[in-house]
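What follows is one structure encoded as C-alpha cells, with my remarks underneath.
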Amino acid sequence: MCGFCGYVNQKDVPNDTISKMADRIKHRGPDDEKYFQDDKVSMGFRRLSIIDLAHGGQPLYSKDKKKVLTFNGEIYNYQEIRQELISEGWEFETDVDSEVLIRGYEAWGPKLLDKLRGMYAFVIYDSANNEIFGARDHFGIKPLYYYDDGEAFMYGSELKAFMSNPAFKKELNLSLLPIHLSFEFIPSAETLFKNVFKVLPGTYFVHHIDEKKTETHRYYKFNYDHIDNSQTVEEDAEKIEAIVKDSVKAHMIADVEVGSFLSSGVDSSYVLNEASKLKPIKSFSLGFDDPKFSELSWSTDFANQIGQKNTPIKITGEDYFNFLPTMMYYMDEPLSNPSAIQLFYLAQGTSKEVKVALSGEGADEFFGGYNTYLEAIPFERYQKFVPSFIRQALAKMATKMPRFHGRRFLIRGAQPLSERYYRVNYVFNFDDRNKLLKDPSLNVDSGAYSKYIFDEVADKDEMTQMQYFDINTWLPFDILQKADRMSMANSLEVRTPLVDKEVAAFASTMPIKTRINKEGTKISLRKAAERALPDKVAMKEKLGFPSPIASWIRQPEFHERIVEAFTSDVAEKFFNTDELLRILKEHDEGKSSMQKIMTPYLFILWYEVYFPEDTNADTINKVQLQA
C-alpha cells in the first residue's frame, strides 16, 4: 500500500516541489520514497511495504523506459495475469503486482483494467505519446484525484498533496455546500475544491500533455442486468459461502502479518472466521467505557469461541473531540460520519501489531443489509393502490397540518424514490438548508443532483434502486473514503473482501427475494453465515457503529466547543448562526439528530484547517505536524 503524486512541469514550479507534495502524504508510505522527473512530468512515490519487501520499489519502468508507473493498492489475481503475460513472451524481473501492471499496460493498454481484481489506483506516464494515464478500482476502495484548471495539471492519492504545488489555486467550490449539507459528502466527481476532481470508481483518465486536455472513460459499472429470479435463498447462501471463502483467501496474500477488524456484527465476524481457517489471525475491536455503546464483550466472546486473539481498544470523549481538526486534515473533504474517528483509533491500535487488516465493509450494500431498504415495502404498496392525484392531495394537506403519526409517510408517499430515499436528504433537506445557509440563493435540489443514478435502474424494484444508489454513492464516498483515510493515517492497509469484483458479480444476479424481505435483511448472507457462526452472531440486528457521541455533545466541555464554532467568524460566513444554535438547543432537548450538529460543525473545522482566515498561517502544516 502506498501513496503517489505528480504533475506536468511548469516553469514557475521548483524541482523540489514533487518531494514536498509527497511529504504531505508520507503517512501512506513511511517505508520508502522515490521520484522520477524529466522535462515534462514529475512523479513522487511513498511506499508501505506489503508484498516482495525487497523488490517492490517504485516508480517502475517499461522495458523501453518510455512508460513510468506509480501504484497504490493490491492486485489479488496478479499471479494469473503474470502467467498470461509470460505465455505471450513478456519477461519479469520481480514478483510484485506493480510489475504486472506496467507490463500489462504495455501489452494491452487500457484493456488491462478488464482483467484486474483488486483495490488500486495507479498512474502511468507515457513519454512517447505525451500522455498521463490514471485508473481507479471498480468500487473506489483506493483514492485518486486530479487538478485541472486548463493550465496546470496534477494528480495524487490525496488532494492535500496539491497544497504544496505553487500552481495549485486553492478555491472553495461554494456551490457544492448545500449538496454536502444534504449528503455529508459530494456524490459525484466534483469536490469542495474548484478544479479538483475525484476519479470515479471503475474509471480511468487520460491527460494529453501538449493539448492540456483531460478525458475520462468508464471501464466498469456495477449493474443489475443479469438478475436470476429462479435463484433461492439456499442456493444463494451456498454460492456466497464459496465466494466469500475465495475472496478472503485472495485478500490474505501478503509478506507481512495480516490481522482483522472485528465488531459484534455478522460481516466482520464472517470474514474473521474464514480467515482463521487459513492461519491464526489477530482481531481488533473498538469500544467505550459505557456498556450501552460498547460491543467489546460480543467481539471478545466470538474471538474466544474460534480460538483467536482479540485486542480491545477504547476511546473517550476527549480523544474524540481533540482529534476532530486532525481528522479533517486527513479526510481531505469534510465527512461527518461519526464512525470515522472510531475507525482512526481502531486503525491506530491495530497498526501497533500488524500492517494489514481485513474489514467487513460492503456486505450491507451488495447483499441488502440496511433496515431502511424495508421502507420500500409499505411505500410500493401505497403507490400501487392509491392513485397519484390522491397521494398528491394528501401530501399537500399533511404539510399544512401539525405533526401527527403518519404525517411524514403521507408527505413522502407523494414523492418519487429519487426524492424520498433518505440518503438524498440524509442530514438537511431543502427547507432546512434554506434556514441554515447564510445565502439561501445557493440552495439547490439535492434530489435533482443525484436523480440520474436512480434513472439508471428505473425499471427495477425500489429496494434494488436503493441498493444501487448506495453502491454508487454511500459506499465509495463515505464508507470506503473513511476506511482508506483513517487507516492510511496510521500507515495501515485495510482490505475489504466483501467489496470485490467477484463478490459483486454474484450479488448482481441475486433476486430481491434472496436479499431482503419483510422478515429481515441480508437473508442469503445470514443463511451462509449461520453454517459457520453462532446463531446470535449470524442473526444479530444491524446496529451500525454505536457510539456515545450524542451524549458527549451534551457534556459542558464539548458542548462549549461546538457553541464556540457555531458563533465563529467562519460560521457567520456561511450559516445563520441563530439557526445553528437553535439546532444545538433542539439536540440538547432530544429533538434533533446528532448529524445535524456534526455536519456543520465539521465543515467549520475543515474550513479552518484548509482555508485559514489568517492567510499567513499555514494551518495545514500545523495540523500535519500534530498528526
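For the C-alpha cells, the naming scheme is as follows: chains receive sequential letters (A, B, ...) according to their order of presentation, residues are indexed from 1 within each chain, and ligands are indexed from 1 in presentation order.
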For A:Arg423, list every protein, DNA or RNA residue within 10 Å, evaluated using only C-alpha atoms, and leave out those in the same chain fewer than 5 positions away; present the list as a ChimeraX atom specification. /A:182-184,372,418,447,466,469-470,473-474
Contacts of A:Ala414 within 7 Å, only C-alpha atoms, excl. fewer than 3 positions in-chain, as a PyMOL selection string: chain A and resi 391-392+395+410-411
Could the residues in this selection be saved with all heavy atoms as a short mmCIF file (atom, residue, chain, number, x, y, z; two decimals), in the first residue's frame?
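Generated output (out_11.cif):
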data_model
loop_
_atom_site.label_atom_id
_atom_site.label_comp_id
_atom_site.auth_asym_id
_atom_site.auth_seq_id
_atom_site.Cartn_x
_atom_site.Cartn_y
_atom_site.Cartn_z
N ARG A 391 -52.65 10.82 -3.65
CA ARG A 391 -51.43 10.91 -2.84
C ARG A 391 -50.92 12.35 -2.81
O ARG A 391 -50.47 12.84 -1.76
CB ARG A 391 -50.36 9.97 -3.39
CG ARG A 391 -50.64 8.51 -3.05
CD ARG A 391 -49.48 7.59 -3.45
NE ARG A 391 -49.51 7.24 -4.87
CZ ARG A 391 -48.63 7.60 -5.76
NH1 ARG A 391 -47.60 8.37 -5.38
NH2 ARG A 391 -48.72 7.24 -7.02
N GLN A 392 -51.00 13.03 -3.95
CA GLN A 392 -50.54 14.42 -4.00
C GLN A 392 -51.40 15.31 -3.12
O GLN A 392 -50.89 16.18 -2.40
CB GLN A 392 -50.58 14.92 -5.46
CG GLN A 392 -49.62 14.22 -6.41
CD GLN A 392 -48.17 14.53 -6.13
OE1 GLN A 392 -47.85 15.55 -5.52
NE2 GLN A 392 -47.28 13.65 -6.55
N ALA A 395 -50.66 14.62 0.55
CA ALA A 395 -49.37 15.20 0.93
C ALA A 395 -49.48 16.71 1.14
O ALA A 395 -48.91 17.27 2.08
CB ALA A 395 -48.33 14.89 -0.14
N LEU A 410 -47.26 10.32 4.61
CA LEU A 410 -48.13 10.90 3.58
C LEU A 410 -47.37 11.87 2.68
O LEU A 410 -47.57 11.89 1.46
CB LEU A 410 -49.32 11.60 4.24
CG LEU A 410 -50.34 10.70 4.93
CD1 LEU A 410 -51.41 11.55 5.62
CD2 LEU A 410 -51.00 9.74 3.93
N ILE A 411 -46.50 12.67 3.30
CA ILE A 411 -45.73 13.64 2.52
C ILE A 411 -44.77 12.91 1.57
O ILE A 411 -44.71 13.20 0.37
CB ILE A 411 -44.96 14.60 3.45
CG1 ILE A 411 -45.95 15.47 4.23
CG2 ILE A 411 -43.99 15.46 2.64
CD1 ILE A 411 -45.30 16.30 5.32
#
Would you please give, as a ChimeraX atom specification, all residues of stretch 431-588 of chain A that DSSP assigns to alpha helix (DSSP H) based on the backbone? /A:431-436,446-455,462-472,474,480-488,501-507,523-530,535-538,549-553,556-566,569-574,577-588
When you look at A:Ala347 with a cut-off of 8 Å (counting only C-alpha atoms), what residues show up, excluding the ones that are within fewer than 3 positions of it in the same chain? I need them as a PDB file with C-alpha atoms, in the first residue's frame.
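Output contents, as saved in around22.pdb:
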ATOM      1  CA  LEU A 343     -12.066   3.887  12.743  1.00  0.00           C
ATOM      2  CA  PHE A 344      -8.997   6.062  13.251  1.00  0.00           C
ATOM      3  CA  THR A 350      -4.270  -2.283  15.068  1.00  0.00           C
ATOM      4  CA  SER A 351      -1.206  -0.760  13.384  1.00  0.00           C
ATOM      5  CA  MET A 486      -8.405   6.662   8.757  1.00  0.00           C
ATOM      6  CA  SER A 487      -6.350   3.520   8.167  1.00  0.00           C
ATOM      7  CA  ASN A 490      -1.912   5.183  10.662  1.00  0.00           C
ATOM      8  CA  LEU A 492      -2.265   0.555   7.973  1.00  0.00           C
TER       9      LEU A 492
END
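The set of residues in stretch 437-555 of chain A assigned to strand (DSSP E or B) by DSSP, using only backbone atoms of this structure, is Leu437, Glu493, Val494, Arg495, Asn517 and Gly520 of chain A.
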Just C-alpha atoms for this one: save the residues we selected as a PDB file, in the first residue's frame.
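Result went into out29.pdb, see below:
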ATOM      1  CA  LEU A 437     -27.490  28.897   4.715  1.00  0.00           C
ATOM      2  CA  GLU A 493      -3.557  -1.208   4.862  1.00  0.00           C
ATOM      3  CA  VAL A 494      -7.234  -2.176   5.159  1.00  0.00           C
ATOM      4  CA  ARG A 495      -8.584  -4.841   2.807  1.00  0.00           C
ATOM      5  CA  ASN A 517     -37.889  -9.444   2.669  1.00  0.00           C
ATOM      6  CA  GLY A 520     -35.234  -9.127   7.588  1.00  0.00           C
TER       7      GLY A 520
END
For A:Ala532, please output as a PyMOL selection string all residues within 9 Å (counting only C-alpha atoms; exclusion window: fewer than 4 positions along the same chain). chain A and resi 270+273-274+528+538
Nearest residue to A:Val244 out of A:Glu91, A:Glu318, A:Asp267, A:Asp535, using only C-alpha atoms?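 Among the listed residues, A:Asp267 lies closest to A:Val244.
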With only C-alpha atoms as the basis for distance, which of A:Phe139, A:Tyr7, A:Gly265, A:Met488 is at the shortest distance from A:Met327?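 Nearest to A:Met327: A:Met488.
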Can you list, as a PDB file with all heavy atoms, in the first residue's frame, every protein, DNA or RNA residue that comes within 9 Å of A:Gln465 when you count only C-alpha atoms, leaving out same-chain residues fewer than 4 positions away?
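New file selection_33.pdb:
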ATOM      1  N   LEU A 417     -38.941   8.000  -5.613  1.00  0.00           N
ATOM      2  CA  LEU A 417     -37.869   7.492  -4.768  1.00  0.00           C
ATOM      3  C   LEU A 417     -36.636   8.382  -4.816  1.00  0.00           C
ATOM      4  O   LEU A 417     -35.948   8.549  -3.801  1.00  0.00           O
ATOM      5  CB  LEU A 417     -37.503   6.064  -5.196  1.00  0.00           C
ATOM      6  CG  LEU A 417     -36.413   5.384  -4.359  1.00  0.00           C
ATOM      7  CD1 LEU A 417     -36.857   5.211  -2.910  1.00  0.00           C
ATOM      8  CD2 LEU A 417     -36.029   4.033  -4.967  1.00  0.00           C
ATOM      9  N   ILE A 453     -28.814   8.714 -11.053  1.00  0.00           N
ATOM     10  CA  ILE A 453     -28.425   7.390 -10.557  1.00  0.00           C
ATOM     11  C   ILE A 453     -29.654   6.495 -10.454  1.00  0.00           C
ATOM     12  O   ILE A 453     -29.626   5.325 -10.855  1.00  0.00           O
ATOM     13  CB  ILE A 453     -27.702   7.499  -9.201  1.00  0.00           C
ATOM     14  CG1 ILE A 453     -26.459   8.369  -9.350  1.00  0.00           C
ATOM     15  CG2 ILE A 453     -27.337   6.108  -8.669  1.00  0.00           C
ATOM     16  CD1 ILE A 453     -25.758   8.677  -8.038  1.00  0.00           C
ATOM     17  N   PHE A 454     -30.751   7.026  -9.945  1.00  0.00           N
ATOM     18  CA  PHE A 454     -31.996   6.262  -9.881  1.00  0.00           C
ATOM     19  C   PHE A 454     -32.518   5.965 -11.290  1.00  0.00           C
ATOM     20  O   PHE A 454     -33.073   4.896 -11.543  1.00  0.00           O
ATOM     21  CB  PHE A 454     -33.055   7.021  -9.076  1.00  0.00           C
ATOM     22  CG  PHE A 454     -32.750   7.112  -7.614  1.00  0.00           C
ATOM     23  CD1 PHE A 454     -32.149   8.243  -7.077  1.00  0.00           C
ATOM     24  CD2 PHE A 454     -33.061   6.068  -6.754  1.00  0.00           C
ATOM     25  CE1 PHE A 454     -31.871   8.333  -5.728  1.00  0.00           C
ATOM     26  CE2 PHE A 454     -32.783   6.150  -5.400  1.00  0.00           C
ATOM     27  CZ  PHE A 454     -32.184   7.283  -4.879  1.00  0.00           C
ATOM     28  N   ASP A 455     -32.335   6.918 -12.188  1.00  0.00           N
ATOM     29  CA  ASP A 455     -32.815   6.729 -13.560  1.00  0.00           C
ATOM     30  C   ASP A 455     -32.139   5.525 -14.233  1.00  0.00           C
ATOM     31  O   ASP A 455     -32.737   4.868 -15.092  1.00  0.00           O
ATOM     32  CB  ASP A 455     -32.554   7.990 -14.390  1.00  0.00           C
ATOM     33  CG  ASP A 455     -33.455   9.147 -13.987  1.00  0.00           C
ATOM     34  OD1 ASP A 455     -34.468   8.906 -13.292  1.00  0.00           O
ATOM     35  OD2 ASP A 455     -33.137  10.294 -14.358  1.00  0.00           O
ATOM     36  N   GLU A 456     -30.899   5.242 -13.835  1.00  0.00           N
ATOM     37  CA  GLU A 456     -30.166   4.121 -14.444  1.00  0.00           C
ATOM     38  C   GLU A 456     -30.776   2.766 -14.108  1.00  0.00           C
ATOM     39  O   GLU A 456     -30.524   1.777 -14.802  1.00  0.00           O
ATOM     40  CB  GLU A 456     -28.703   4.168 -13.991  1.00  0.00           C
ATOM     41  CG  GLU A 456     -27.933   5.342 -14.583  1.00  0.00           C
ATOM     42  CD  GLU A 456     -26.549   5.536 -13.976  1.00  0.00           C
ATOM     43  OE1 GLU A 456     -26.239   4.830 -12.989  1.00  0.00           O
ATOM     44  OE2 GLU A 456     -25.801   6.390 -14.477  1.00  0.00           O
ATOM     45  N   VAL A 457     -31.574   2.709 -13.036  1.00  0.00           N
ATOM     46  CA  VAL A 457     -32.223   1.445 -12.645  1.00  0.00           C
ATOM     47  C   VAL A 457     -33.729   1.661 -12.445  1.00  0.00           C
ATOM     48  O   VAL A 457     -34.353   1.052 -11.591  1.00  0.00           O
ATOM     49  CB  VAL A 457     -31.593   0.870 -11.351  1.00  0.00           C
ATOM     50  CG1 VAL A 457     -30.291   0.181 -11.640  1.00  0.00           C
ATOM     51  CG2 VAL A 457     -31.406   1.961 -10.294  1.00  0.00           C
ATOM     52  N   ALA A 458     -34.290   2.548 -13.254  1.00  0.00           N
ATOM     53  CA  ALA A 458     -35.708   2.901 -13.111  1.00  0.00           C
ATOM     54  C   ALA A 458     -36.634   1.714 -13.335  1.00  0.00           C
ATOM     55  O   ALA A 458     -37.782   1.714 -12.862  1.00  0.00           O
ATOM     56  CB  ALA A 458     -36.059   4.036 -14.076  1.00  0.00           C
ATOM     57  N   ASP A 459     -36.170   0.687 -14.047  1.00  0.00           N
ATOM     58  CA  ASP A 459     -37.014  -0.473 -14.329  1.00  0.00           C
ATOM     59  C   ASP A 459     -36.970  -1.514 -13.210  1.00  0.00           C
ATOM     60  O   ASP A 459     -37.646  -2.547 -13.297  1.00  0.00           O
ATOM     61  CB  ASP A 459     -36.589  -1.127 -15.643  1.00  0.00           C
ATOM     62  CG  ASP A 459     -35.144  -1.623 -15.610  1.00  0.00           C
ATOM     63  OD1 ASP A 459     -34.303  -0.984 -14.921  1.00  0.00           O
ATOM     64  OD2 ASP A 459     -34.851  -2.628 -16.272  1.00  0.00           O
ATOM     65  N   LYS A 460     -36.199  -1.252 -12.157  1.00  0.00           N
ATOM     66  CA  LYS A 460     -36.058  -2.207 -11.065  1.00  0.00           C
ATOM     67  C   LYS A 460     -36.952  -1.825  -9.879  1.00  0.00           C
ATOM     68  O   LYS A 460     -37.433  -0.693  -9.781  1.00  0.00           O
ATOM     69  CB  LYS A 460     -34.597  -2.267 -10.601  1.00  0.00           C
ATOM     70  CG  LYS A 460     -33.603  -2.643 -11.696  1.00  0.00           C
ATOM     71  CD  LYS A 460     -33.834  -4.059 -12.203  1.00  0.00           C
ATOM     72  CE  LYS A 460     -32.750  -4.529 -13.154  1.00  0.00           C
ATOM     73  NZ  LYS A 460     -32.724  -3.848 -14.451  1.00  0.00           N
ATOM     74  N   ASP A 461     -37.160  -2.785  -8.966  1.00  0.00           N
ATOM     75  CA  ASP A 461     -37.948  -2.509  -7.763  1.00  0.00           C
ATOM     76  C   ASP A 461     -37.210  -1.497  -6.879  1.00  0.00           C
ATOM     77  O   ASP A 461     -36.010  -1.261  -7.028  1.00  0.00           O
ATOM     78  CB  ASP A 461     -38.187  -3.809  -6.991  1.00  0.00           C
ATOM     79  CG  ASP A 461     -36.892  -4.434  -6.513  1.00  0.00           C
ATOM     80  OD1 ASP A 461     -36.416  -4.060  -5.423  1.00  0.00           O
ATOM     81  OD2 ASP A 461     -36.336  -5.282  -7.243  1.00  0.00           O
ATOM     82  N   PHE A 469     -28.145   2.798  -5.583  1.00  0.00           N
ATOM     83  CA  PHE A 469     -27.747   4.156  -5.204  1.00  0.00           C
ATOM     84  C   PHE A 469     -26.633   4.103  -4.159  1.00  0.00           C
ATOM     85  O   PHE A 469     -25.631   4.822  -4.267  1.00  0.00           O
ATOM     86  CB  PHE A 469     -28.943   4.925  -4.659  1.00  0.00           C
ATOM     87  CG  PHE A 469     -28.646   6.371  -4.347  1.00  0.00           C
ATOM     88  CD1 PHE A 469     -28.670   7.325  -5.347  1.00  0.00           C
ATOM     89  CD2 PHE A 469     -28.330   6.772  -3.055  1.00  0.00           C
ATOM     90  CE1 PHE A 469     -28.393   8.664  -5.072  1.00  0.00           C
ATOM     91  CE2 PHE A 469     -28.051   8.099  -2.766  1.00  0.00           C
ATOM     92  CZ  PHE A 469     -28.080   9.044  -3.778  1.00  0.00           C
ATOM     93  N   ASP A 470     -26.781   3.241  -3.170  1.00  0.00           N
ATOM     94  CA  ASP A 470     -25.775   3.144  -2.115  1.00  0.00           C
ATOM     95  C   ASP A 470     -24.443   2.621  -2.646  1.00  0.00           C
ATOM     96  O   ASP A 470     -23.375   3.074  -2.222  1.00  0.00           O
ATOM     97  CB  ASP A 470     -26.273   2.229  -0.997  1.00  0.00           C
ATOM     98  CG  ASP A 470     -27.298   2.917  -0.104  1.00  0.00           C
ATOM     99  OD1 ASP A 470     -27.493   4.135  -0.261  1.00  0.00           O
ATOM    100  OD2 ASP A 470     -27.894   2.237   0.748  1.00  0.00           O
TER     101      ASP A 470
END
d(atom CA of A:Leu525, atom CA of A:Glu238) in Å: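 Here the two named atoms are 9.3 Å from each other.
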A:Glu88: which residues within 12 Å, counting only C-alpha atoms, same-chain residues fewer than 6 positions away excluded, as a PyMOL selection string? chain A and resi 81-82+103-104+106-108
Name all residues at most 8 Å from stretch 377-387 of chain A (count only C-alpha atoms; drop same-chain ones fewer than 2 positions away) and give them as a list in words.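 The residues that qualify are Leu374, Glu375, Phe389, Ile390, Arg391, Gly413, Glu462 and Lys518 of chain A.
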Based on the selection just made, write N, CA, C and O atoms of those residues as a JSON list (two decimals), in the first residue's frame.
[["chain", "number", "residue", "atom", "x", "y", "z"],
["A", 374, "LEU", "N", -36.21, -1.74, 3.90],
["A", 374, "LEU", "CA", -37.54, -2.28, 4.19],
["A", 374, "LEU", "C", -38.64, -1.23, 4.01],
["A", 374, "LEU", "O", -39.81, -1.58, 3.89],
["A", 375, "GLU", "N", -38.24, 0.05, 3.98],
["A", 375, "GLU", "CA", -39.23, 1.12, 3.75],
["A", 375, "GLU", "C", -39.96, 0.94, 2.43],
["A", 375, "GLU", "O", -41.09, 1.40, 2.26],
["A", 389, "PHE", "N", -53.00, 11.26, -7.91],
["A", 389, "PHE", "CA", -53.62, 12.55, -7.60],
["A", 389, "PHE", "C", -54.11, 12.58, -6.15],
["A", 389, "PHE", "O", -54.11, 13.62, -5.49],
["A", 390, "ILE", "N", -54.51, 11.43, -5.63],
["A", 390, "ILE", "CA", -54.95, 11.37, -4.22],
["A", 390, "ILE", "C", -53.74, 11.50, -3.30],
["A", 390, "ILE", "O", -53.78, 12.21, -2.29],
["A", 391, "ARG", "N", -52.65, 10.82, -3.65],
["A", 391, "ARG", "CA", -51.43, 10.91, -2.84],
["A", 391, "ARG", "C", -50.92, 12.35, -2.81],
["A", 391, "ARG", "O", -50.47, 12.84, -1.76],
["A", 413, "GLY", "N", -44.93, 9.84, 0.57],
["A", 413, "GLY", "CA", -45.64, 8.93, -0.32],
["A", 413, "GLY", "C", -46.00, 9.55, -1.66],
["A", 413, "GLY", "O", -46.32, 8.84, -2.62],
["A", 462, "GLU", "N", -37.95, -0.90, -5.92],
["A", 462, "GLU", "CA", -37.38, 0.19, -5.14],
["A", 462, "GLU", "C", -36.23, -0.26, -4.23],
["A", 462, "GLU", "O", -35.28, 0.48, -4.02],
["A", 518, "LYS", "N", -39.70, -8.89, 4.19],
["A", 518, "LYS", "CA", -40.28, -8.23, 5.36],
["A", 518, "LYS", "C", -39.79, -8.82, 6.68],
["A", 518, "LYS", "O", -39.92, -8.21, 7.74]]
Rows by chain and residue number, stretch 110-191 of chain A within 10 Å of stretch 70-75 of chain A, shortest pair, only C-alpha atoms, as JSON lines:
{"residue": "A:Leu116", "atom": "CA", "partner": "A:Ile75", "partner_atom": "CA", "distance": 6.7}
{"residue": "A:Arg117", "atom": "CA", "partner": "A:Ile75", "partner_atom": "CA", "distance": 5.8}
{"residue": "A:Gly118", "atom": "CA", "partner": "A:Ile75", "partner_atom": "CA", "distance": 4.5}
{"residue": "A:Met119", "atom": "CA", "partner": "A:Gly73", "partner_atom": "CA", "distance": 5.3}
{"residue": "A:Tyr120", "atom": "CA", "partner": "A:Gly73", "partner_atom": "CA", "distance": 4.2}
{"residue": "A:Ala121", "atom": "CA", "partner": "A:Asn72", "partner_atom": "CA", "distance": 5.3}
{"residue": "A:Phe122", "atom": "CA", "partner": "A:Phe71", "partner_atom": "CA", "distance": 4.2}
{"residue": "A:Val123", "atom": "CA", "partner": "A:Thr70", "partner_atom": "CA", "distance": 5.5}
{"residue": "A:Ile124", "atom": "CA", "partner": "A:Thr70", "partner_atom": "CA", "distance": 6.7}
{"residue": "A:Tyr125", "atom": "CA", "partner": "A:Thr70", "partner_atom": "CA", "distance": 8.9}
{"residue": "A:Gly134", "atom": "CA", "partner": "A:Thr70", "partner_atom": "CA", "distance": 9.6}
{"residue": "A:Ala135", "atom": "CA", "partner": "A:Phe71", "partner_atom": "CA", "distance": 9.6}
{"residue": "A:Arg136", "atom": "CA", "partner": "A:Asn72", "partner_atom": "CA", "distance": 9.6}
{"residue": "A:Asp137", "atom": "CA", "partner": "A:Gly73", "partner_atom": "CA", "distance": 9.1}
{"residue": "A:Ile141", "atom": "CA", "partner": "A:Gly73", "partner_atom": "CA", "distance": 8.9}
{"residue": "A:Lys142", "atom": "CA", "partner": "A:Gly73", "partner_atom": "CA", "distance": 6.8}
{"residue": "A:Pro143", "atom": "CA", "partner": "A:Asn72", "partner_atom": "CA", "distance": 8.7}
{"residue": "A:Leu144", "atom": "CA", "partner": "A:Asn72", "partner_atom": "CA", "distance": 9.4}
{"residue": "A:Ser157", "atom": "CA", "partner": "A:Asn72", "partner_atom": "CA", "distance": 7.9}
Could you check how far atom CA of A:Ser175 sits from atom CA of A:Trp606, in Å to one decimal? 16.6 Å
With distances taken over only C-alpha atoms, which residue among A:Ile523, A:Leu262, A:Ile597, A:Val13 lies nearest A:Arg554?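 The closest residue to A:Arg554 is A:Ile597.
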Length of the atom CA of A:Ile562 to atom CA of A:Tyr601 vector [Å]: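 Value for the atom CA of A:Ile562-atom CA of A:Tyr601 distance: 6.7 Å.
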Hey, which of A:Gly368, A:Asp255, A:Gln555, A:Leu181 ends up closest to A:Phe430? Count only C-alpha atoms. A:Leu181
